[in-house]
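Down below is the structure, laid out as structure tokens.
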Amino acid sequence: MQNAKLKKRVLSGIQPTGKLHLGNLIGAIENWVKLQDKYECFFFIADLHALTSTYDDPKNLKDDIQGVAIDLLASGIDPKKCVLFKQSDLMEHAELHLLFSMVTPVPWLERVPTYKSKIEELKGKDLGTYGFLGYPVLQAADILIYKADFVPVGQDQLPHIELTREIARRFNNFYGNIFPEPKDLLTQFPTLPGLDGRKMSKSYNNTIAISDPPDVIKKKVSTMITDPARIKKEDKGHPEVCSVYDFYKVFGKDLTDVVASECKEAKRGCVACKKQLAQVLIDYMAPIHKKRAQLTEDRGQIDKILQDGAAKAKKIAAKSLLEAKKAMGLI
Ligand code: SF4
């Protein structure tokens, strides 16, 4: 992290709720890989956030944390260029969250759009908890404790950043100017449909995982939803409504013209089209899978990277927390 002081600071986290998937790869992770060259980046595995929705069944959490770390590193996150750490290794996040919870009005949390939509998405889970409602307060603590300049977000996350700014303003208003307001780094993430045509999401169980080996990729791609109006190969297709074609647009850009024209003219069957896509994905993932295999063999190396990251992050987090505690009259 050379010239870190000259660079603006970016903060972003990812939840270890199950395995990361191709939607995460092309949405968040590939963006992080670019950001680490341009900014002073703090990336964290948001295990405390994961508990807000998996608190009733955390048996896989430890493995998922390791899996996410391996996926990130295999996909190009470089601990020499950024600080990578696990959220719960820094109690400062939790402590600042508690301090912020003193000043955050409950209606601010209830009106966050993702609060209701997430409850809807995770129907069947009891999310009527204090921790789930307070999720954005923890997020504000994650961001403000590093006094981050920018937070990379998609459109749906903008209200969370606005809430973070509101919490910073309210805190500063009471106790003095401690926390700068972060800006959003709005990114147009390509969205990837899942195997069933809905948004790719762990909650819908419709993902292709970064760690899925080639035979699993082939099997999953073979089940993907295509143009529903195309019953036989002789029927002319509509690639614009086909999930398989959406994947070509992201992973096989040079093939999109030929796939579209052959589909429209009924010169290409869906089975062959899916087989070709599976191979495109296998080739795309090959270098990531190779690195994954190396990292998986040396788990101690992963722990060390996360511990080193936590030590670097702590230097800044502890300082900010101290400032906040002093300002609030605790010390
Ligand atoms: S040929 Fe390919 S793009 Fe066309 S409907 Fe079938 S799977 Fe989709």
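Identifiers for the structure tokens are assigned positionally: chains receive A, B, ... in sequence, residues are indexed from 1 per chain, and ligands are indexed from 1 in the order shown.
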Interface rows for chain A against ligand 1: nearest pair, Å to one decimal, 8 Å, only C-alpha atoms and all ligand atoms, as CSV:
```
residue,atom,partner,partner_atom_place_in_ligand_line,distance
A:Ile225,CA,ligand 1,7 (S),8.0
A:Thr226,CA,ligand 1,8 (Fe),4.8
A:Asp227,CA,ligand 1,5 (S),4.5
A:Pro228,CA,ligand 1,5 (S),7.9
A:Arg230,CA,ligand 1,5 (S),6.6
A:Gly237,CA,ligand 1,5 (S),5.1
A:His238,CA,ligand 1,5 (S),5.9
A:Pro239,CA,ligand 1,3 (S),4.4
A:Glu240,CA,ligand 1,3 (S),7.8
A:Val241,CA,ligand 1,8 (Fe),7.8
A:Cys242,CA,ligand 1,8 (Fe),4.7
A:Ser243,CA,ligand 1,8 (Fe),6.7
A:Val244,CA,ligand 1,8 (Fe),5.2
A:Tyr245,CA,ligand 1,3 (S),4.6
A:Val259,CA,ligand 1,3 (S),6.1
A:Ala260,CA,ligand 1,3 (S),6.2
A:Glu262,CA,ligand 1,1 (S),7.2
A:Cys263,CA,ligand 1,4 (Fe),4.3
A:Lys264,CA,ligand 1,4 (Fe),7.0
A:Ala266,CA,ligand 1,1 (S),7.5
A:Arg268,CA,ligand 1,1 (S),5.3
A:Gly269,CA,ligand 1,1 (S),5.0
A:Cys270,CA,ligand 1,6 (Fe),3.5
A:Val271,CA,ligand 1,7 (S),7.0
A:Ala272,CA,ligand 1,1 (S),7.7
A:Cys273,CA,ligand 1,2 (Fe),4.6
A:Lys274,CA,ligand 1,7 (S),5.8
```
Since we have the selection now, will you write its residues out, keeping N, CA and C atoms, as a compact mmCIF listing (two decimals), in the first residue's frame?
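Below is the file that was written, out.txt:
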```
# COMPACT_ATOMS: atom_id res chain seq x y z
N ILE A 225 -32.97 -21.53 -17.10
CA ILE A 225 -34.19 -21.15 -17.81
C ILE A 225 -33.81 -20.43 -19.10
N THR A 226 -34.44 -20.82 -20.21
CA THR A 226 -34.16 -20.14 -21.49
C THR A 226 -35.41 -19.39 -21.95
N ASP A 227 -35.46 -19.04 -23.23
CA ASP A 227 -36.64 -18.38 -23.79
C ASP A 227 -37.84 -19.33 -23.65
N PRO A 228 -38.83 -18.97 -22.83
CA PRO A 228 -39.94 -19.91 -22.58
C PRO A 228 -40.79 -20.19 -23.83
N ARG A 230 -39.67 -20.80 -26.73
CA ARG A 230 -38.94 -21.67 -27.68
C ARG A 230 -39.06 -23.12 -27.22
N GLY A 237 -35.79 -18.05 -31.64
CA GLY A 237 -35.63 -17.67 -30.24
C GLY A 237 -35.58 -16.17 -30.00
N HIS A 238 -35.67 -15.81 -28.75
CA HIS A 238 -35.58 -14.40 -28.33
C HIS A 238 -34.50 -14.28 -27.26
N PRO A 239 -33.25 -14.10 -27.68
CA PRO A 239 -32.16 -14.10 -26.70
C PRO A 239 -32.32 -13.03 -25.62
N GLU A 240 -33.02 -11.96 -25.95
CA GLU A 240 -33.15 -10.86 -24.98
C GLU A 240 -33.94 -11.26 -23.74
N VAL A 241 -34.70 -12.37 -23.80
CA VAL A 241 -35.43 -12.82 -22.60
C VAL A 241 -34.80 -14.09 -22.01
N CYS A 242 -33.62 -14.44 -22.47
CA CYS A 242 -33.00 -15.71 -22.06
C CYS A 242 -31.85 -15.48 -21.07
N SER A 243 -31.89 -16.19 -19.94
CA SER A 243 -30.84 -16.03 -18.92
C SER A 243 -29.48 -16.49 -19.44
N VAL A 244 -29.50 -17.52 -20.28
CA VAL A 244 -28.24 -18.04 -20.83
C VAL A 244 -27.54 -16.92 -21.62
N TYR A 245 -28.34 -16.20 -22.39
CA TYR A 245 -27.76 -15.10 -23.18
C TYR A 245 -27.22 -13.99 -22.26
N VAL A 259 -24.26 -15.80 -31.07
CA VAL A 259 -25.30 -16.50 -30.30
C VAL A 259 -26.67 -15.89 -30.61
N ALA A 260 -26.73 -14.55 -30.59
CA ALA A 260 -28.02 -13.86 -30.82
C ALA A 260 -28.55 -14.17 -32.22
N GLU A 262 -27.80 -16.63 -34.35
CA GLU A 262 -28.14 -18.05 -34.55
C GLU A 262 -29.41 -18.43 -33.79
N CYS A 263 -29.58 -17.84 -32.62
CA CYS A 263 -30.79 -18.11 -31.82
C CYS A 263 -32.03 -17.57 -32.55
N LYS A 264 -31.93 -16.32 -33.02
CA LYS A 264 -33.09 -15.69 -33.69
C LYS A 264 -33.46 -16.43 -34.97
N ALA A 266 -33.03 -19.61 -35.45
CA ALA A 266 -33.25 -21.03 -35.11
C ALA A 266 -32.14 -21.93 -35.67
N ARG A 268 -29.42 -22.50 -33.82
CA ARG A 268 -28.70 -22.96 -32.63
C ARG A 268 -29.71 -23.53 -31.65
N GLY A 269 -29.45 -24.71 -31.13
CA GLY A 269 -30.35 -25.29 -30.15
C GLY A 269 -29.93 -24.89 -28.74
N CYS A 270 -30.89 -24.91 -27.82
CA CYS A 270 -30.58 -24.47 -26.45
C CYS A 270 -29.62 -25.41 -25.74
N VAL A 271 -29.69 -26.71 -26.03
CA VAL A 271 -28.79 -27.64 -25.35
C VAL A 271 -27.33 -27.33 -25.73
N ALA A 272 -27.10 -27.14 -27.05
CA ALA A 272 -25.74 -26.82 -27.51
C ALA A 272 -25.30 -25.46 -26.98
N CYS A 273 -26.24 -24.53 -26.95
CA CYS A 273 -25.94 -23.17 -26.48
C CYS A 273 -25.49 -23.19 -25.02
N LYS A 274 -26.17 -24.04 -24.22
CA LYS A 274 -25.81 -24.15 -22.80
C LYS A 274 -24.46 -24.85 -22.63
```
Kindly assemble as a tab-separated table a list of the region 215-270 of chain A residues that lie within 8 Å of region 190-193 of chain A, each paired with its nearest atom pair and their distance in Å to one decimal, using only C-alpha atoms, sorted first by chain and then by ascending residue number.
```
residue	atom	partner	partner_atom	distance
A:Ser243	CA	A:Pro193	CA	6.2
A:Asp246	CA	A:Leu192	CA	7.0
A:Phe247	CA	A:Leu192	CA	7.0
A:Val250	CA	A:Pro190	CA	7.7
```
Filtering to C-alpha atoms, could you give me those residues as a compact mmCIF listing (two decimals), in the first residue's frame?
```
# COMPACT_ATOMS: atom_id res chain seq x y z
CA SER A 243 -30.84 -16.03 -18.92
CA ASP A 246 -27.40 -12.75 -20.20
CA PHE A 247 -24.44 -14.88 -19.09
CA VAL A 250 -20.94 -10.94 -19.14
```
(request) Check the DSSP output for the backbone and give back, as a ChimeraX atom specification, the residues of region 4-198 of chain A in helix (DSSP H, G or I). (result) /A:4-6,22-38,47-54,61-74,87-89,91-103,106-110,113-121,130-133,135-144,155-175
Keeping only C-alpha atoms, write those residues as a short mmCIF file (atom, residue, chain, number, x, y, z; two decimals), in the first residue's frame.
```
data_model
loop_
_atom_site.label_atom_id
_atom_site.label_comp_id
_atom_site.auth_asym_id
_atom_site.auth_seq_id
_atom_site.Cartn_x
_atom_site.Cartn_y
_atom_site.Cartn_z
CA ALA A 4 -1.51 5.27 1.01
CA LYS A 5 -1.69 8.80 2.47
CA LEU A 6 -2.09 10.30 -0.98
CA LEU A 22 -20.72 -15.49 -9.86
CA GLY A 23 -23.07 -12.58 -9.14
CA ASN A 24 -20.76 -11.54 -6.26
CA LEU A 25 -17.73 -12.04 -8.50
CA ILE A 26 -18.84 -9.76 -11.31
CA GLY A 27 -20.70 -7.35 -9.02
CA ALA A 28 -18.55 -6.69 -5.97
CA ILE A 29 -15.29 -8.60 -6.20
CA GLU A 30 -14.09 -7.62 -9.68
CA ASN A 31 -14.84 -4.03 -8.72
CA TRP A 32 -12.76 -4.40 -5.53
CA VAL A 33 -9.88 -5.78 -7.58
CA LYS A 34 -9.91 -2.58 -9.65
CA LEU A 35 -10.36 -0.30 -6.61
CA GLN A 36 -7.35 -1.72 -4.76
CA ASP A 37 -5.07 -0.26 -7.47
CA LYS A 38 -6.55 3.21 -7.19
CA ASP A 47 -19.28 -12.04 9.81
CA LEU A 48 -21.20 -10.02 12.43
CA HIS A 49 -23.56 -8.86 9.69
CA ALA A 50 -23.98 -12.48 8.62
CA LEU A 51 -25.18 -13.34 12.11
CA THR A 52 -28.07 -10.86 11.83
CA SER A 53 -29.78 -13.33 9.49
CA THR A 54 -28.07 -16.66 10.35
CA LEU A 61 -20.25 -19.78 9.54
CA LYS A 62 -16.63 -20.65 10.34
CA ASP A 63 -16.22 -22.58 7.09
CA ASP A 64 -18.02 -19.88 5.14
CA ILE A 65 -15.65 -17.22 6.50
CA GLN A 66 -12.66 -19.27 5.30
CA GLY A 67 -14.40 -19.95 1.99
CA VAL A 68 -15.06 -16.25 1.40
CA ALA A 69 -11.44 -15.37 2.23
CA ILE A 70 -10.23 -18.01 -0.24
CA ASP A 71 -12.65 -16.84 -2.94
CA LEU A 72 -11.57 -13.20 -2.52
CA LEU A 73 -7.87 -13.99 -2.64
CA ALA A 74 -8.27 -16.40 -5.57
CA GLN A 87 -15.05 -7.81 11.06
CA SER A 88 -15.36 -9.68 14.38
CA ASP A 89 -11.57 -9.60 14.87
CA MET A 91 -14.21 -5.34 18.64
CA GLU A 92 -13.92 -1.62 17.85
CA HIS A 93 -16.63 -2.06 15.19
CA ALA A 94 -19.03 -3.54 17.75
CA GLU A 95 -18.19 -0.90 20.35
CA LEU A 96 -18.70 2.01 17.99
CA HIS A 97 -21.96 0.38 16.88
CA LEU A 98 -23.10 0.46 20.50
CA LEU A 99 -22.17 4.13 20.84
CA PHE A 100 -23.97 4.99 17.60
CA SER A 101 -27.03 3.05 18.75
CA MET A 102 -27.40 5.61 21.56
CA VAL A 103 -27.98 8.43 19.07
CA VAL A 106 -35.51 3.86 15.72
CA PRO A 107 -37.75 5.30 12.93
CA TRP A 108 -34.60 5.99 10.86
CA LEU A 109 -33.94 2.25 10.87
CA GLU A 110 -37.52 1.19 10.23
CA PRO A 113 -36.07 0.22 2.27
CA THR A 114 -33.88 -2.90 2.49
CA TYR A 115 -35.22 -3.60 5.99
CA LYS A 116 -38.63 -4.58 4.64
CA SER A 117 -37.39 -6.07 1.35
CA LYS A 118 -34.89 -8.33 3.11
CA ILE A 119 -37.58 -9.59 5.49
CA GLU A 120 -39.67 -10.37 2.40
CA GLU A 121 -36.72 -12.10 0.67
CA TYR A 130 -32.79 -6.01 17.59
CA GLY A 131 -29.62 -7.02 15.69
CA PHE A 132 -31.36 -7.11 12.31
CA LEU A 133 -33.06 -3.75 12.81
CA TYR A 135 -27.82 -3.70 10.93
CA PRO A 136 -27.39 -0.25 9.29
CA VAL A 137 -25.99 1.16 12.55
CA LEU A 138 -23.29 -1.50 12.53
CA GLN A 139 -22.70 -0.67 8.88
CA ALA A 140 -22.31 3.00 9.79
CA ALA A 141 -19.75 2.02 12.44
CA ASP A 142 -17.87 -0.13 9.89
CA ILE A 143 -17.58 2.82 7.54
CA LEU A 144 -17.07 5.74 9.91
CA GLN A 155 -28.26 1.72 -6.34
CA ASP A 156 -30.15 -0.35 -3.74
CA GLN A 157 -27.53 0.38 -1.08
CA LEU A 158 -27.70 4.18 -1.41
CA PRO A 159 -30.19 4.57 1.50
CA HIS A 160 -27.67 2.81 3.78
CA ILE A 161 -24.96 5.30 2.92
CA GLU A 162 -27.38 8.17 3.43
CA LEU A 163 -28.22 6.74 6.86
CA THR A 164 -24.49 6.51 7.64
CA ARG A 165 -24.17 10.20 6.76
CA GLU A 166 -27.17 11.04 8.95
CA ILE A 167 -25.67 9.15 11.90
CA ALA A 168 -22.34 10.95 11.37
CA ARG A 169 -24.11 14.32 11.27
CA ARG A 170 -26.15 13.60 14.40
CA PHE A 171 -23.10 12.34 16.27
CA ASN A 172 -21.02 15.36 15.19
CA ASN A 173 -23.87 17.65 16.13
CA PHE A 174 -23.92 16.32 19.71
CA TYR A 175 -20.24 15.76 20.35
#
```
(request) Please indicate the distance in Å from CA of Pro58 (chain A) to CA of Lys202 (chain A), rounded to one decimal place. (result) 15.3 Å
(request) Looking only at strand (DSSP E) from DSSP on the backbone, list the matching residues of region 45-210 of chain A as a ChimeraX atom specification. (result) /A:45,82-86,150-153,183-186
(request) Write out as a ChimeraX atom specification the residues lying within 12 Å of Asp283 (chain A), counting only C-alpha atoms and excluding same-chain residues fewer than 4 positions away. (result) /A:213-214,217-218,251-252,276-279,287-290
Could you dump the residues just selected with C-alpha atoms as a PDB file, in the first residue's frame?
```
ATOM      1  CA  PRO A 213     -15.978 -27.324 -10.059  1.00  0.00           C
ATOM      2  CA  PRO A 214     -16.416 -27.773 -13.842  1.00  0.00           C
ATOM      3  CA  ILE A 217     -20.986 -25.781 -13.566  1.00  0.00           C
ATOM      4  CA  LYS A 218     -22.019 -28.003 -16.498  1.00  0.00           C
ATOM      5  CA  PHE A 251     -18.600 -13.906 -19.588  1.00  0.00           C
ATOM      6  CA  GLY A 252     -18.475 -14.429 -23.366  1.00  0.00           C
ATOM      7  CA  GLN A 276     -20.943 -23.822 -25.005  1.00  0.00           C
ATOM      8  CA  LEU A 277     -21.762 -21.418 -22.163  1.00  0.00           C
ATOM      9  CA  ALA A 278     -20.661 -23.978 -19.574  1.00  0.00           C
ATOM     10  CA  GLN A 279     -17.298 -24.208 -21.332  1.00  0.00           C
ATOM     11  CA  PRO A 287      -7.313 -19.322 -13.182  1.00  0.00           C
ATOM     12  CA  ILE A 288      -9.473 -18.616 -10.101  1.00  0.00           C
ATOM     13  CA  HIS A 289      -9.964 -22.334  -9.467  1.00  0.00           C
ATOM     14  CA  LYS A 290      -6.229 -22.936  -9.844  1.00  0.00           C
TER      15      LYS A 290
END
```
(request) Mind giving me the straight-line distance from CA of Ser211 (chain A) to CA of Gly13 (chain A) in Å, one decimal? (result)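 Going from CA of Ser211 (chain A) over to CA of Gly13 (chain A) covers 19.5 Å.
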(request) Figure out the distance between CA of Ser75 (chain A) and CA of Tyr55 (chain A), please, to one decimal in Å. (result) 28.1 Å
(request) Would you mind telling me which residue in A:Arg198, A:Lys291, A:Lys86, A:Lys220 lies nearest to Lys314 (chain A) when using only C-alpha atoms? (result)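 Answer, going by the shortest atom-to-atom distance: A:Lys86.
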